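K.L.:
Compact mmCIF, N, CA and C atoms, file upload05.txt:
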# COMPACT_ATOMS: atom_id res chain seq x y z
N MET N 5 127.29 -89.16 33.15
CA MET N 5 126.95 -90.51 32.76
C MET N 5 126.70 -91.38 33.99
N TYR N 6 127.48 -91.18 35.03
CA TYR N 6 127.32 -91.98 36.25
C TYR N 6 125.92 -91.81 36.82
N ILE N 7 125.42 -90.59 36.80
CA ILE N 7 124.07 -90.33 37.33
C ILE N 7 123.02 -91.07 36.51
N ASN N 8 123.17 -91.04 35.18
CA ASN N 8 122.22 -91.77 34.33
C ASN N 8 122.21 -93.26 34.65
N CYS N 9 123.36 -93.81 34.90
CA CYS N 9 123.48 -95.26 35.10
C CYS N 9 123.14 -95.71 36.52
N THR N 10 123.08 -94.78 37.45
CA THR N 10 122.85 -95.18 38.85
C THR N 10 121.58 -94.59 39.44
N THR N 11 120.70 -94.04 38.60
CA THR N 11 119.43 -93.53 39.10
C THR N 11 118.67 -94.67 39.75
N GLU N 12 118.15 -94.42 40.94
CA GLU N 12 117.45 -95.45 41.70
C GLU N 12 116.07 -95.73 41.12
N LYS N 13 115.69 -96.99 41.16
CA LYS N 13 114.34 -97.37 40.73
C LYS N 13 113.35 -96.65 41.63
N GLY N 14 112.31 -96.12 41.05
CA GLY N 14 111.35 -95.32 41.80
C GLY N 14 111.51 -93.84 41.53
N ASP N 15 112.70 -93.43 41.10
CA ASP N 15 112.94 -92.05 40.69
C ASP N 15 112.16 -91.79 39.39
N ASN N 16 111.64 -90.60 39.24
CA ASN N 16 110.86 -90.26 38.04
C ASN N 16 111.65 -90.45 36.75
N LEU N 17 112.96 -90.31 36.81
CA LEU N 17 113.79 -90.41 35.60
C LEU N 17 114.46 -91.78 35.45
N TYR N 18 114.09 -92.73 36.30
CA TYR N 18 114.76 -94.03 36.28
C TYR N 18 114.77 -94.67 34.90
N TYR N 19 113.61 -94.85 34.29
CA TYR N 19 113.54 -95.56 33.02
C TYR N 19 114.23 -94.80 31.89
N GLN N 20 114.08 -93.49 31.88
CA GLN N 20 114.73 -92.67 30.88
C GLN N 20 116.25 -92.76 31.02
N ASN N 21 116.74 -92.59 32.23
CA ASN N 21 118.19 -92.62 32.47
C ASN N 21 118.76 -94.01 32.22
N ARG N 22 118.05 -95.04 32.66
CA ARG N 22 118.54 -96.41 32.48
C ARG N 22 118.62 -96.75 30.98
N ALA N 23 117.60 -96.35 30.22
CA ALA N 23 117.60 -96.61 28.79
C ALA N 23 118.76 -95.88 28.11
N PHE N 24 119.01 -94.65 28.51
CA PHE N 24 120.13 -93.89 27.93
C PHE N 24 121.45 -94.59 28.24
N CYS N 25 121.63 -94.98 29.49
CA CYS N 25 122.87 -95.65 29.91
C CYS N 25 123.07 -96.94 29.13
N MET N 26 122.04 -97.77 29.07
CA MET N 26 122.16 -99.06 28.39
C MET N 26 122.41 -98.87 26.89
N GLY N 27 121.75 -97.90 26.29
CA GLY N 27 121.97 -97.64 24.87
C GLY N 27 123.38 -97.16 24.59
N PHE N 28 123.89 -96.31 25.46
CA PHE N 28 125.23 -95.76 25.27
C PHE N 28 126.28 -96.86 25.41
N VAL N 29 126.18 -97.65 26.47
CA VAL N 29 127.14 -98.74 26.69
C VAL N 29 127.04 -99.75 25.55
N SER N 30 125.83 -100.05 25.12
CA SER N 30 125.63 -101.00 24.03
C SER N 30 126.30 -100.52 22.74
N ALA N 31 126.17 -99.24 22.43
CA ALA N 31 126.77 -98.70 21.22
C ALA N 31 128.29 -98.79 21.25
N VAL N 32 128.88 -98.43 22.38
CA VAL N 32 130.34 -98.50 22.50
C VAL N 32 130.81 -99.95 22.44
N ALA N 33 130.10 -100.84 23.14
CA ALA N 33 130.47 -102.26 23.12
C ALA N 33 130.37 -102.83 21.71
N ASP N 34 129.33 -102.47 20.98
CA ASP N 34 129.18 -102.96 19.60
C ASP N 34 130.37 -102.56 18.73
N VAL N 35 130.82 -101.33 18.88
CA VAL N 35 131.98 -100.87 18.11
C VAL N 35 133.23 -101.65 18.52
N MET N 36 133.45 -101.75 19.81
CA MET N 36 134.67 -102.41 20.29
C MET N 36 134.68 -103.90 19.99
N TRP N 37 133.53 -104.54 20.08
CA TRP N 37 133.47 -105.98 19.87
C TRP N 37 133.35 -106.36 18.41
N SER N 38 133.43 -105.36 17.54
CA SER N 38 133.50 -105.65 16.10
C SER N 38 134.93 -105.40 15.61
N LYS N 39 135.88 -105.61 16.50
CA LYS N 39 137.32 -105.55 16.19
C LYS N 39 137.87 -104.15 15.97
N HIS N 40 137.20 -103.13 16.50
CA HIS N 40 137.68 -101.76 16.38
C HIS N 40 138.25 -101.29 17.71
N THR N 41 139.15 -100.33 17.65
CA THR N 41 139.62 -99.69 18.86
C THR N 41 138.84 -98.39 19.04
N LEU N 42 138.78 -97.92 20.25
CA LEU N 42 138.10 -96.67 20.55
C LEU N 42 138.93 -95.94 21.59
N HIS N 43 139.41 -94.76 21.23
CA HIS N 43 140.28 -93.96 22.10
C HIS N 43 141.49 -94.78 22.56
N GLY N 44 141.97 -95.65 21.69
CA GLY N 44 143.15 -96.45 21.99
C GLY N 44 142.89 -97.71 22.80
N PHE N 45 141.63 -97.99 23.10
CA PHE N 45 141.29 -99.18 23.89
C PHE N 45 140.71 -100.25 23.00
N ARG N 46 141.03 -101.53 23.34
CA ARG N 46 140.48 -102.69 22.65
C ARG N 46 139.80 -103.58 23.68
N SER N 47 138.74 -104.21 23.27
CA SER N 47 138.05 -105.16 24.12
C SER N 47 137.50 -106.26 23.23
N CYS N 48 137.47 -107.46 23.74
CA CYS N 48 136.95 -108.59 22.98
C CYS N 48 135.90 -109.33 23.81
N ARG N 49 134.77 -109.61 23.16
CA ARG N 49 133.70 -110.34 23.84
C ARG N 49 134.17 -111.77 24.08
N PRO N 50 134.05 -112.24 25.31
CA PRO N 50 134.44 -113.63 25.58
C PRO N 50 133.56 -114.60 24.81
N LYS N 51 134.12 -115.78 24.50
CA LYS N 51 133.35 -116.79 23.78
C LYS N 51 132.12 -117.21 24.56
N SER N 52 132.19 -117.10 25.88
CA SER N 52 131.04 -117.48 26.72
C SER N 52 129.93 -116.44 26.66
N GLY N 53 130.24 -115.28 26.06
CA GLY N 53 129.24 -114.23 25.91
C GLY N 53 129.21 -113.25 27.06
N VAL N 54 128.61 -112.12 26.81
CA VAL N 54 128.43 -111.06 27.80
C VAL N 54 127.07 -110.44 27.53
N THR N 55 126.27 -110.31 28.57
CA THR N 55 124.98 -109.64 28.38
C THR N 55 125.17 -108.13 28.46
N LEU N 56 124.22 -107.40 27.94
CA LEU N 56 124.26 -105.95 28.05
C LEU N 56 124.26 -105.53 29.52
N GLY N 57 123.49 -106.21 30.31
CA GLY N 57 123.45 -105.90 31.75
C GLY N 57 124.81 -106.06 32.40
N GLN N 58 125.56 -107.08 32.02
CA GLN N 58 126.91 -107.27 32.56
C GLN N 58 127.84 -106.14 32.12
N ALA N 59 127.75 -105.75 30.87
CA ALA N 59 128.59 -104.65 30.38
C ALA N 59 128.26 -103.35 31.12
N VAL N 60 127.00 -103.09 31.34
CA VAL N 60 126.59 -101.89 32.09
C VAL N 60 127.11 -101.98 33.52
N ASP N 61 127.00 -103.14 34.14
CA ASP N 61 127.51 -103.32 35.51
C ASP N 61 129.01 -103.05 35.58
N VAL N 62 129.76 -103.53 34.59
CA VAL N 62 131.21 -103.29 34.54
C VAL N 62 131.48 -101.79 34.50
N PHE N 63 130.74 -101.07 33.67
CA PHE N 63 130.90 -99.63 33.55
C PHE N 63 130.56 -98.91 34.86
N ILE N 64 129.46 -99.27 35.48
CA ILE N 64 129.05 -98.63 36.73
C ILE N 64 130.09 -98.87 37.82
N ILE N 65 130.56 -100.10 37.95
CA ILE N 65 131.57 -100.41 38.97
C ILE N 65 132.85 -99.63 38.71
N TYR N 66 133.24 -99.53 37.44
CA TYR N 66 134.44 -98.77 37.08
C TYR N 66 134.29 -97.30 37.50
N LEU N 67 133.15 -96.71 37.22
CA LEU N 67 132.93 -95.31 37.61
C LEU N 67 132.82 -95.16 39.12
N ARG N 68 132.19 -96.11 39.77
CA ARG N 68 132.07 -96.06 41.24
C ARG N 68 133.46 -96.11 41.89
N ASP N 69 134.33 -96.95 41.34
CA ASP N 69 135.67 -97.12 41.91
C ASP N 69 136.65 -96.04 41.50
N ASN N 70 136.29 -95.21 40.52
CA ASN N 70 137.19 -94.17 40.01
C ASN N 70 136.46 -92.83 39.88
N PRO N 71 135.98 -92.27 40.99
CA PRO N 71 135.20 -91.03 40.91
C PRO N 71 135.97 -89.84 40.34
N SER N 72 137.27 -89.86 40.45
CA SER N 72 138.06 -88.71 40.01
C SER N 72 138.12 -88.57 38.49
N ILE N 73 137.66 -89.58 37.76
CA ILE N 73 137.73 -89.50 36.29
C ILE N 73 136.34 -89.41 35.65
N ARG N 74 135.31 -89.31 36.42
CA ARG N 74 133.94 -89.30 35.89
C ARG N 74 133.66 -88.15 34.94
N HIS N 75 134.47 -87.11 34.97
CA HIS N 75 134.25 -85.96 34.09
C HIS N 75 134.86 -86.15 32.70
N PHE N 76 135.59 -87.24 32.48
CA PHE N 76 136.17 -87.50 31.17
C PHE N 76 135.08 -87.89 30.17
N ILE N 77 135.44 -87.93 28.90
CA ILE N 77 134.50 -88.27 27.83
C ILE N 77 133.91 -89.66 28.09
N ALA N 78 132.58 -89.72 28.07
CA ALA N 78 131.88 -90.96 28.44
C ALA N 78 132.28 -92.15 27.57
N GLU N 79 132.41 -91.95 26.28
CA GLU N 79 132.74 -93.09 25.42
C GLU N 79 134.12 -93.66 25.74
N SER N 80 135.06 -92.80 26.14
CA SER N 80 136.38 -93.31 26.51
C SER N 80 136.33 -94.06 27.84
N LEU N 81 135.45 -93.62 28.74
CA LEU N 81 135.30 -94.32 30.02
C LEU N 81 134.68 -95.70 29.82
N VAL N 82 133.68 -95.78 28.97
CA VAL N 82 133.08 -97.09 28.67
C VAL N 82 134.13 -97.98 28.00
N ALA N 83 134.85 -97.43 27.05
CA ALA N 83 135.87 -98.19 26.33
C ALA N 83 136.93 -98.72 27.29
N GLU N 84 137.40 -97.88 28.19
CA GLU N 84 138.42 -98.33 29.13
C GLU N 84 137.87 -99.40 30.07
N SER N 85 136.66 -99.20 30.58
CA SER N 85 136.10 -100.19 31.50
C SER N 85 135.93 -101.54 30.82
N LEU N 86 135.48 -101.55 29.58
CA LEU N 86 135.31 -102.81 28.85
C LEU N 86 136.66 -103.45 28.51
N SER N 87 137.65 -102.63 28.19
CA SER N 87 138.96 -103.19 27.86
C SER N 87 139.61 -103.83 29.07
N LEU N 88 139.36 -103.29 30.24
CA LEU N 88 139.91 -103.88 31.47
C LEU N 88 139.19 -105.16 31.84
N ALA N 89 137.87 -105.17 31.66
CA ALA N 89 137.07 -106.34 32.06
C ALA N 89 137.13 -107.46 31.03
N PHE N 90 137.25 -107.11 29.77
CA PHE N 90 137.21 -108.09 28.68
C PHE N 90 138.37 -107.87 27.71
N PRO N 91 139.60 -108.15 28.18
CA PRO N 91 140.76 -107.90 27.30
C PRO N 91 140.80 -108.92 26.14
N CYS N 92 141.45 -108.52 25.09
CA CYS N 92 141.63 -109.40 23.95
C CYS N 92 142.82 -110.32 24.21
N ALA N 93 142.72 -111.54 23.71
CA ALA N 93 143.83 -112.48 23.83
C ALA N 93 145.01 -111.96 23.02
N LYS N 94 146.19 -112.23 23.49
CA LYS N 94 147.39 -111.74 22.80
C LYS N 94 147.85 -112.69 21.76
Can you give me the file's structure in the form of structure tokens?
P.N.:
Amino acid sequence: MYINCTTEKGDNLYYQNRAFCMGFVSAVADVMWSKHTLHGFRSCRPKSGVTLGQAVDVFIIYLRDNPSIRHFIAESLVAESLSLAFPCAK
């Protein structure tokens, strides 16, 4: 997943990989931000809003900073990154 999300512009697969990454993150965010948990993680969209680009950036930074876990299930990685960046109020 990290490779899909970090393909450099100009690479032949850039648009394909970027679309896959954005679609995947969007799907997980939609589930989580509709009051569901995913793999035990919860995330809440801030009232100020979050763009898809911001959610993708959060995921990329999370994977960049945690290379030892990149082999885990992608949906759980997206879920964890969003739950850390956008926690729900208690």
K.L.:
Env of Ala89 in chain N: 8 Å cut, atoms = all atoms listed in the file, seq-sep filter 6 positions within chain, self excluded. Answer as a PDB file with N, CA and C atoms, in the frame of the given file.
P.N.:
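Result went into selection-v5.pdb, see below:
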ATOM      1  N   SER N  47     138.740-104.210  23.270  1.00  0.00           N
ATOM      2  CA  SER N  47     138.050-105.160  24.120  1.00  0.00           C
ATOM      3  C   SER N  47     137.500-106.260  23.230  1.00  0.00           C
ATOM      4  N   CYS N  48     137.470-107.460  23.740  1.00  0.00           N
ATOM      5  CA  CYS N  48     136.950-108.590  22.980  1.00  0.00           C
ATOM      6  C   CYS N  48     135.900-109.330  23.810  1.00  0.00           C
ATOM      7  N   VAL N  62     129.760-103.530  34.590  1.00  0.00           N
ATOM      8  CA  VAL N  62     131.210-103.290  34.540  1.00  0.00           C
ATOM      9  C   VAL N  62     131.480-101.790  34.500  1.00  0.00           C
ATOM     10  N   ALA N  83     134.850 -97.430  27.050  1.00  0.00           N
ATOM     11  CA  ALA N  83     135.870 -98.190  26.330  1.00  0.00           C
ATOM     12  C   ALA N  83     136.930 -98.720  27.290  1.00  0.00           C
TER      13      ALA N  83
END
K.L.:
Would you list the contacts of Pro91 in chain N as a list in words, taking every protein, DNA or RNA residue within 12 Å and counting only C-alpha atoms, but skipping same-chain residues closer than 4 positions in sequence?
P.N.:
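Surrounding residues, per the criterion: Met36, Trp37, Lys39, Thr41, Phe45, Arg46, Ser47, Cys48, Arg49, Pro50, Ala83, Glu84, Ser85, Leu86 and Ser87 of chain N.
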K.L.:
Go through N:Val60, N:Gly53, N:Lys94, N:Gly44 one by one, measure the shortest atom-to-atom distance of each to Arg22 in chain N using only C-alpha atoms, and give the residue with the smallest value.
P.N.:
N:Val60
K.L.:
Kindly give the distance, in Å, that separates CA of Ala78 in chain N and atom N of Cys25 in chain N, rounded to a single decimal.
P.N.:
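These two atoms are separated by 11.1 Å.
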K.L.:
Might you pull out every residue within 7 Å of Asn21 in chain N, with only C-alpha atoms counted and same-chain residues fewer than 5 positions away left off, and present them as a ChimeraX atom specification?
P.N.:
/N:8-9,11
K.L.:
Next, dump the selected residues to file, keeping only N, CA and C atoms, as a CSV table (one decimal), in the frame of the given file.
P.N.:
chain,number,residue,atom,x,y,z
N,8,ASN,N,123.2,-91.0,35.2
N,8,ASN,CA,122.2,-91.8,34.3
N,8,ASN,C,122.2,-93.3,34.6
N,9,CYS,N,123.4,-93.8,34.9
N,9,CYS,CA,123.5,-95.3,35.1
N,9,CYS,C,123.1,-95.7,36.5
N,11,THR,N,120.7,-94.0,38.6
N,11,THR,CA,119.4,-93.5,39.1
N,11,THR,C,118.7,-94.7,39.8
K.L.:
Can you tell me, as a VMD selection string, which residues in range 6-41 of chain N count as alpha helix (DSSP H) by DSSP?
P.N.:
chain N and resid 6 to 10 18 to 36
K.L.:
Work out how far CA of Thr10 in chain N is from atom C of Ile64 in chain N, in Å to one decimal.
P.N.:
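Between these atoms lies a distance of 8.2 Å.
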K.L.:
Report, in Å with one decimal, the straight-line distance from atom N of Ser80 in chain N to atom N of Phe24 in chain N.
P.N.:
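Computed distance, atom N of Ser80 in chain N to atom N of Phe24 in chain N, equals 16.3 Å.
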K.L.:
For Leu67 in chain N, find every residue with an atom within 8 Å (counting only N, CA and C atoms), except residues of its own chain fewer than 5 positions away, and show them as a list in words.
P.N.:
Tyr6, Asp61, Val62, Ser72, Ile73, Arg74, Leu81 and Ser85 of chain N
